[in-house]
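Raw run_13.pdb, PDB, C-alpha atoms:
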MODEL        1
ATOM      1  CA  ILE A   1      25.462 -17.020   1.116  1.00  0.00           C
ATOM      2  CA  SER A   2      23.570 -14.530   3.269  1.00  0.00           C
ATOM      3  CA  PRO A   3      21.303 -17.092   4.987  1.00  0.00           C
ATOM      4  CA  MET A   4      24.286 -19.316   5.824  1.00  0.00           C
ATOM      5  CA  LEU A   5      26.224 -16.318   7.143  1.00  0.00           C
ATOM      6  CA  LEU A   6      23.379 -15.231   9.397  1.00  0.00           C
ATOM      7  CA  ALA A   7      22.712 -18.743  10.653  1.00  0.00           C
ATOM      8  CA  LEU A   8      26.369 -19.468  11.394  1.00  0.00           C
ATOM      9  CA  VAL A   9      27.176 -16.168  13.075  1.00  0.00           C
ATOM     10  CA  SER A  10      23.955 -16.168  15.092  1.00  0.00           C
ATOM     11  CA  SER A  11      24.370 -19.736  16.302  1.00  0.00           C
ATOM     12  CA  MET A  12      28.065 -19.171  17.053  1.00  0.00           C
ATOM     13  CA  ALA A  13      27.179 -16.170  19.213  1.00  0.00           C
ATOM     14  CA  VAL A  14      25.231 -18.381  21.607  1.00  0.00           C
ATOM     15  CA  ASN A  15      27.106 -21.675  21.232  1.00  0.00           C
ATOM     16  CA  ARG A  16      30.319 -20.197  22.530  1.00  0.00           C
ATOM     17  CA  GLU A  17      28.865 -19.829  26.020  1.00  0.00           C
ATOM     18  CA  LYS A  18      26.945 -23.071  25.719  1.00  0.00           C
ATOM     19  CA  LYS A  19      30.228 -25.000  25.503  1.00  0.00           C
ATOM     20  CA  LEU A  20      31.319 -23.418  28.789  1.00  0.00           C
ATOM     21  CA  ASN A  21      27.930 -24.128  30.420  1.00  0.00           C
ATOM     22  CA  TYR A  22      27.249 -20.377  30.493  1.00  0.00           C
ATOM     23  CA  LYS A  23      29.704 -19.851  33.374  1.00  0.00           C
ATOM     24  CA  ALA A  24      31.549 -16.936  31.799  1.00  0.00           C
ATOM     25  CA  ILE A  25      28.412 -14.989  30.972  1.00  0.00           C
ATOM     26  CA  LEU A  26      25.747 -15.803  33.496  1.00  0.00           C
ATOM     27  CA  LEU A  27      27.912 -15.240  36.582  1.00  0.00           C
ATOM     28  CA  ASN A  28      28.270 -11.565  35.621  1.00  0.00           C
ATOM     29  CA  PRO A  29      26.071  -9.074  37.465  1.00  0.00           C
ATOM     30  CA  ILE A  30      24.734  -7.818  34.114  1.00  0.00           C
ATOM     31  CA  LYS A  31      21.111  -8.650  33.306  1.00  0.00           C
ATOM     32  CA  LYS A  32      20.807 -11.581  30.956  1.00  0.00           C
ATOM     33  CA  GLN A  33      18.380  -9.701  28.706  1.00  0.00           C
ATOM     34  CA  LYS A  34      21.054  -7.050  28.101  1.00  0.00           C
ATOM     35  CA  LEU A  35      23.538  -9.755  27.087  1.00  0.00           C
ATOM     36  CA  TRP A  36      21.017 -11.203  24.634  1.00  0.00           C
ATOM     37  CA  THR A  37      20.293  -7.770  23.179  1.00  0.00           C
ATOM     38  CA  ALA A  38      24.006  -6.947  22.953  1.00  0.00           C
ATOM     39  CA  LYS A  39      24.623 -10.139  20.989  1.00  0.00           C
ATOM     40  CA  ILE A  40      21.824  -9.276  18.592  1.00  0.00           C
ATOM     41  CA  ILE A  41      23.162  -5.738  18.097  1.00  0.00           C
ATOM     42  CA  TYR A  42      26.655  -7.124  17.500  1.00  0.00           C
ATOM     43  CA  ILE A  43      25.361  -9.543  14.846  1.00  0.00           C
ATOM     44  CA  MET A  44      23.333  -6.736  13.257  1.00  0.00           C
ATOM     45  CA  ILE A  45      26.477  -4.602  12.987  1.00  0.00           C
ATOM     46  CA  LEU A  46      28.451  -7.490  11.480  1.00  0.00           C
ATOM     47  CA  TYR A  47      25.693  -8.142   8.959  1.00  0.00           C
ATOM     48  CA  LEU A  48      25.472  -4.450   8.052  1.00  0.00           C
ATOM     49  CA  ILE A  49      29.227  -4.340   7.425  1.00  0.00           C
ATOM     50  CA  THR A  50      28.884  -7.459   5.269  1.00  0.00           C
ATOM     51  CA  CYS A  51      26.058  -5.909   3.244  1.00  0.00           C
ATOM     52  CA  ILE A  52      28.096  -2.733   2.683  1.00  0.00           C
ATOM     53  CA  PHE A  53      31.094  -4.810   1.599  1.00  0.00           C
ATOM     54  CA  VAL A  54      28.976  -6.811  -0.859  1.00  0.00           C
ATOM     55  CA  ALA A  55      27.429  -3.622  -2.254  1.00  0.00           C
ATOM     56  CA  LEU A  56      30.909  -2.151  -2.791  1.00  0.00           C
ATOM     57  CA  LEU A  57      32.068  -5.364  -4.430  1.00  0.00           C
ATOM     58  CA  ILE A  58      29.078  -5.417  -6.788  1.00  0.00           C
ATOM     59  CA  SER A  59      29.660  -1.744  -7.589  1.00  0.00           C
ATOM     60  CA  LEU A  60      33.261  -2.477  -8.533  1.00  0.00           C
ATOM     61  CA  LEU A  61      32.474  -5.667 -10.461  1.00  0.00           C
ATOM     62  CA  LYS A  62      30.012  -3.714 -12.560  1.00  0.00           C
ATOM     63  CA  TYR A  63      32.886  -1.921 -14.276  1.00  0.00           C
ATOM     64  CA  ILE A  64      34.902  -5.043 -15.044  1.00  0.00           C
ATOM     65  CA  PRO A  65      33.967  -6.527 -18.428  1.00  0.00           C
ATOM     66  CA  GLY A  66      33.594 -10.251 -18.672  1.00  0.00           C
ATOM     67  CA  PRO A  67      31.448 -12.995 -17.202  1.00  0.00           C
ATOM     68  CA  LEU A  68      30.781 -11.056 -13.974  1.00  0.00           C
ATOM     69  CA  TYR A  69      28.771  -8.403 -15.802  1.00  0.00           C
ATOM     70  CA  PHE A  70      25.825  -6.936 -13.913  1.00  0.00           C
ATOM     71  CA  LYS A  71      22.803  -5.113 -15.265  1.00  0.00           C
ATOM     72  CA  SER A  72      23.898  -1.711 -16.562  1.00  0.00           C
ATOM     73  CA  THR A  73      20.848   0.137 -15.210  1.00  0.00           C
ATOM     74  CA  LEU A  74      21.807  -0.734 -11.641  1.00  0.00           C
ATOM     75  CA  ASP A  75      23.713   2.312 -10.488  1.00  0.00           C
ATOM     76  CA  ILE A  76      25.557   2.592  -7.196  1.00  0.00           C
ATOM     77  CA  SER A  77      22.618   4.127  -5.346  1.00  0.00           C
ATOM     78  CA  ASN A  78      20.315   1.274  -6.438  1.00  0.00           C
ATOM     79  CA  ILE A  79      22.896  -1.285  -5.372  1.00  0.00           C
ATOM     80  CA  PHE A  80      23.184   0.221  -1.895  1.00  0.00           C
ATOM     81  CA  LEU A  81      19.403   0.635  -1.659  1.00  0.00           C
ATOM     82  CA  SER A  82      18.874  -3.018  -2.564  1.00  0.00           C
ATOM     83  CA  MET A  83      21.466  -4.059   0.037  1.00  0.00           C
ATOM     84  CA  LEU A  84      19.649  -1.966   2.632  1.00  0.00           C
ATOM     85  CA  VAL A  85      16.399  -3.722   1.720  1.00  0.00           C
ATOM     86  CA  ILE A  86      18.144  -7.109   1.960  1.00  0.00           C
ATOM     87  CA  TYR A  87      19.498  -6.104   5.369  1.00  0.00           C
ATOM     88  CA  ILE A  88      16.095  -5.046   6.697  1.00  0.00           C
ATOM     89  CA  LEU A  89      14.230  -8.033   5.248  1.00  0.00           C
ATOM     90  CA  ASN A  90      16.718 -10.501   6.760  1.00  0.00           C
ATOM     91  CA  LEU A  91      16.796  -9.002  10.269  1.00  0.00           C
ATOM     92  CA  PHE A  92      14.129 -11.386  11.545  1.00  0.00           C
ATOM     93  CA  GLN A  93      16.485 -14.316  10.985  1.00  0.00           C
ATOM     94  CA  ILE A  94      19.018 -13.184  13.612  1.00  0.00           C
ATOM     95  CA  PRO A  95      17.039 -13.896  16.813  1.00  0.00           C
ATOM     96  CA  ILE A  96      15.417 -17.001  15.301  1.00  0.00           C
ATOM     97  CA  MET A  97      18.796 -18.486  14.432  1.00  0.00           C
ATOM     98  CA  MET A  98      20.145 -17.542  17.861  1.00  0.00           C
ATOM     99  CA  ILE A  99      17.271 -19.389  19.546  1.00  0.00           C
ATOM    100  CA  LEU A 100      17.779 -22.417  17.284  1.00  0.00           C
ATOM    101  CA  GLY A 101      21.540 -22.239  17.826  1.00  0.00           C
ATOM    102  CA  ASP A 102      21.016 -22.221  21.575  1.00  0.00           C
ATOM    103  CA  LYS A 103      18.642 -25.189  21.488  1.00  0.00           C
ATOM    104  CA  PHE A 104      20.604 -27.226  18.950  1.00  0.00           C
ATOM    105  CA  ASN A 105      24.005 -26.729  17.378  1.00  0.00           C
ATOM    106  CA  TYR A 106      25.395 -25.031  14.267  1.00  0.00           C
ATOM    107  CA  PHE A 107      23.943 -27.520  11.822  1.00  0.00           C
ATOM    108  CA  ILE A 108      20.200 -27.122  12.484  1.00  0.00           C
ATOM    109  CA  PRO A 109      20.043 -23.303  12.070  1.00  0.00           C
ATOM    110  CA  VAL A 110      21.974 -23.491   8.798  1.00  0.00           C
ATOM    111  CA  VAL A 111      19.756 -26.259   7.410  1.00  0.00           C
ATOM    112  CA  VAL A 112      16.553 -24.513   8.520  1.00  0.00           C
ATOM    113  CA  ASN A 113      17.633 -21.169   7.066  1.00  0.00           C
ATOM    114  CA  ILE A 114      18.766 -22.654   3.756  1.00  0.00           C
ATOM    115  CA  PHE A 115      15.582 -24.731   3.475  1.00  0.00           C
ATOM    116  CA  PHE A 116      13.297 -21.735   4.006  1.00  0.00           C
ATOM    117  CA  THR A 117      15.387 -19.554   1.699  1.00  0.00           C
ATOM    118  CA  ILE A 118      15.132 -22.112  -1.102  1.00  0.00           C
ATOM    119  CA  PHE A 119      11.431 -22.532  -0.321  1.00  0.00           C
ATOM    120  CA  GLY A 120      11.026 -18.754  -0.642  1.00  0.00           C
ATOM    121  CA  ILE A 121      12.781 -18.726  -4.001  1.00  0.00           C
ATOM    122  CA  VAL A 122      10.749 -21.637  -5.350  1.00  0.00           C
ATOM    123  CA  ARG A 123       7.354 -20.472  -4.042  1.00  0.00           C
ATOM    124  CA  TYR A 124       7.768 -16.701  -4.544  1.00  0.00           C
ATOM    125  CA  LYS A 125       4.759 -16.530  -6.904  1.00  0.00           C
ATOM    126  CA  ASN A 126       2.073 -17.962  -4.644  1.00  0.00           C
ATOM    127  CA  LEU A 127       2.720 -17.326  -0.962  1.00  0.00           C
ATOM    128  CA  LEU A 128       2.921 -13.657  -0.064  1.00  0.00           C
ATOM    129  CA  TYR A 129       2.725 -13.694   3.715  1.00  0.00           C
ATOM    130  CA  LEU A 130       5.796 -15.684   4.658  1.00  0.00           C
ATOM    131  CA  PRO A 131       8.902 -13.664   5.562  1.00  0.00           C
ATOM    132  CA  TYR A 132      11.286 -15.756   3.471  1.00  0.00           C
ATOM    133  CA  ILE A 133       9.217 -15.057   0.350  1.00  0.00           C
ATOM    134  CA  GLY A 134       9.225 -11.270   0.682  1.00  0.00           C
ATOM    135  CA  LEU A 135      12.887 -10.878  -0.231  1.00  0.00           C
ATOM    136  CA  PRO A 136      12.847 -12.777  -3.555  1.00  0.00           C
ATOM    137  CA  ARG A 137       9.716 -10.878  -4.625  1.00  0.00           C
ATOM    138  CA  VAL A 138      11.118  -7.485  -3.667  1.00  0.00           C
ATOM    139  CA  MET A 139      14.449  -8.150  -5.389  1.00  0.00           C
ATOM    140  CA  ILE A 140      12.556  -8.604  -8.665  1.00  0.00           C
ATOM    141  CA  LEU A 141      11.749  -4.886  -8.468  1.00  0.00           C
ATOM    142  CA  PHE A 142      15.419  -3.960  -8.090  1.00  0.00           C
ATOM    143  CA  THR A 143      17.074  -6.345 -10.524  1.00  0.00           C
ATOM    144  CA  ASP A 144      14.367  -7.090 -13.143  1.00  0.00           C
ATOM    145  CA  MET A 145      15.291 -10.744 -12.716  1.00  0.00           C
ATOM    146  CA  LEU A 146      13.329 -13.613 -11.252  1.00  0.00           C
ATOM    147  CA  PRO A 147      14.851 -15.417  -8.242  1.00  0.00           C
ATOM    148  CA  ASN A 148      15.876 -18.288 -10.500  1.00  0.00           C
ATOM    149  CA  GLY A 149      17.987 -15.943 -12.664  1.00  0.00           C
ATOM    150  CA  LEU A 150      15.650 -15.618 -15.635  1.00  0.00           C
ATOM    151  CA  PRO A 151      14.648 -12.152 -16.905  1.00  0.00           C
ATOM    152  CA  TYR A 152      11.477 -10.687 -15.401  1.00  0.00           C
ATOM    153  CA  ASP A 153       8.702 -11.021 -17.955  1.00  0.00           C
ATOM    154  CA  GLY A 154       6.046  -9.009 -16.100  1.00  0.00           C
ATOM    155  CA  LEU A 155       3.625 -11.923 -15.716  1.00  0.00           C
ATOM    156  CA  ILE A 156       3.891 -11.875 -11.926  1.00  0.00           C
ATOM    157  CA  LEU A 157       2.319  -8.769 -10.467  1.00  0.00           C
ATOM    158  CA  ILE A 158       4.566  -7.197  -7.864  1.00  0.00           C
ATOM    159  CA  ASP A 159       3.582  -4.005  -6.131  1.00  0.00           C
ATOM    160  CA  LYS A 160       6.113  -1.546  -4.746  1.00  0.00           C
ATOM    161  CA  GLY A 161       4.099  -1.607  -1.528  1.00  0.00           C
ATOM    162  CA  GLU A 162       5.429  -5.114  -0.948  1.00  0.00           C
ATOM    163  CA  ILE A 163       8.715  -3.559   0.158  1.00  0.00           C
ATOM    164  CA  LEU A 164       7.003  -1.817   3.066  1.00  0.00           C
ATOM    165  CA  TYR A 165       4.795  -4.808   3.822  1.00  0.00           C
ATOM    166  CA  SER A 166       7.745  -7.235   3.858  1.00  0.00           C
ATOM    167  CA  ALA A 167       9.813  -4.822   5.951  1.00  0.00           C
ATOM    168  CA  LEU A 168       7.030  -4.523   8.525  1.00  0.00           C
ATOM    169  CA  ILE A 169       6.743  -8.314   8.751  1.00  0.00           C
ATOM    170  CA  SER A 170      10.510  -8.659   9.149  1.00  0.00           C
ATOM    171  CA  ILE A 171      10.804  -5.945  11.796  1.00  0.00           C
ATOM    172  CA  GLY A 172       7.761  -7.281  13.660  1.00  0.00           C
ATOM    173  CA  LEU A 173       9.156 -10.820  13.719  1.00  0.00           C
ATOM    174  CA  PHE A 174      12.530  -9.416  14.746  1.00  0.00           C
ATOM    175  CA  PHE A 175      11.047  -7.780  17.843  1.00  0.00           C
ATOM    176  CA  VAL A 176       8.850 -10.779  18.706  1.00  0.00           C
ATOM    177  CA  PHE A 177      11.720 -13.271  18.533  1.00  0.00           C
ATOM    178  CA  THR A 178      14.118 -10.881  20.272  1.00  0.00           C
ATOM    179  CA  ILE A 179      11.718 -10.630  23.219  1.00  0.00           C
ATOM    180  CA  LEU A 180      11.086 -14.385  23.158  1.00  0.00           C
ATOM    181  CA  GLY A 181      14.811 -15.133  23.046  1.00  0.00           C
ATOM    182  CA  SER A 182      15.444 -12.650  25.844  1.00  0.00           C
ATOM    183  CA  PHE A 183      12.854 -14.429  27.977  1.00  0.00           C
ATOM    184  CA  ILE A 184      14.405 -17.838  27.225  1.00  0.00           C
ATOM    185  CA  TYR A 185      17.939 -16.567  27.852  1.00  0.00           C
ATOM    186  CA  ARG A 186      16.892 -14.944  31.145  1.00  0.00           C
ATOM    187  CA  ARG A 187      15.828 -18.329  32.525  1.00  0.00           C
ATOM    188  CA  LYS A 188      19.233 -19.927  31.945  1.00  0.00           C
ATOM    189  CA  GLU A 189      21.274 -20.920  34.956  1.00  0.00           C
ATOM    190  CA  VAL A 190      24.860 -21.985  35.469  1.00  0.00           C
ATOM    191  CA  LYS A 191      25.178 -25.765  35.745  1.00  0.00           C
TER     192      LYS A 191
ENDMDL
END
Please re-express this file's structure in structure tokens.
Amino acid sequence: ISPMLLALVSSMAVNREKKLNYKAILLNPIKKQKLWTAKIIYIMILYLITCIFVALLISLLKYIPGPLYFKSTLDISNIFLSMLVIYILNLFQIPIMMILGDKFNYFIPVVVNIFFTIFGIVRYKNLLYLPYIGLPRVMILFTDMLPNGLPYDGLILIDKGEILYSALISIGLFFVFTILGSFIYRRKEVK
């Protein structure tokens, strides 16, 4: 659900002005780069609130017996820590989906994000340097489950340093695509 949420919210943030031919935004005396950055910060805040809500929901569902049972060794601090890691490792998607949402429509960012997320889940064993693969590998450390839902058997070697490595890749891509998107957005004109 997280990739779809990020793709939809990010593309909606830029498509709203696109429908109005950017008249409401670009006629303001505010620098266009500041508008781009403000949109990214707004989406980051929305995504953080969503991650906190999901962590609270998982914490509460842990105490309800039945089919929604979660691993008993996952305490509340581990749940919030894993949500923080999910938040940081998914940050790079926000400016990418905003750029795709500006170039295309809602559909393309969602399809691209879901495709790469599924690709990351399927290919988590082999490819270590792609940003979509870092999250499934890191979540194995938190949940002791493989991305496909099977128990972790220890055959795949995962180092705790992958958390830092994946976070650095995500934050680096976040800044690169934020600057790139800011440059693209700055060149827009009212039609």
Can you list what the PyMOL selection byres ((chain A and resi 9-15) around 12) grabs from this structure, as a PyMOL selection string?
chain A and resi 2-8+16-22+25+35-47+50+91-111+113+181+185
What gap, in Å, lies between atom CA of A:Ile169 and atom CA of A:Asp75?
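Computing the Euclidean distance for atom CA of A:Ile169 and atom CA of A:Asp75 yields 27.8 Å.
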Between atom CA of A:Asn90 and atom CA of A:Leu135, what is the distance in Å, rounded to a tenth?
8.0 Å
In Å, with one decimal, what is the gap from atom CA of A:Ile133 to atom CA of A:Pro151?
18.3 Å
Compile the contact shell of A:Phe53 as a list in words: residues with an atom at most 12 Å away, counting all atoms listed in the file, same-chain residues fewer than 4 positions apart removed.
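The neighbour list is Leu46, Tyr47, Leu48, Ile49, Leu57, Ile58, Ser59, Leu60, Ile79, Phe80, Met83 and Leu84 of chain A.
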Picked residues, the PyMOL selection byres ((chain A and resi 166) around 9), expected as a count of residues only
19
Pick from A:Arg187, A:Ser182, A:Asp159, A:Arg137 nearest to A:Gln33, counting all atoms listed in the file
A:Ser182
Axis-aligned box over every listed atom of stretch 108-112 of chain A, padded by 3 Å per side: centre and edges in Å to one decimal, as JSON?
{"center_x": 19.3, "center_y": -25.2, "center_z": 9.9, "size_x": 11.4, "size_y": 9.8, "size_z": 11.1}
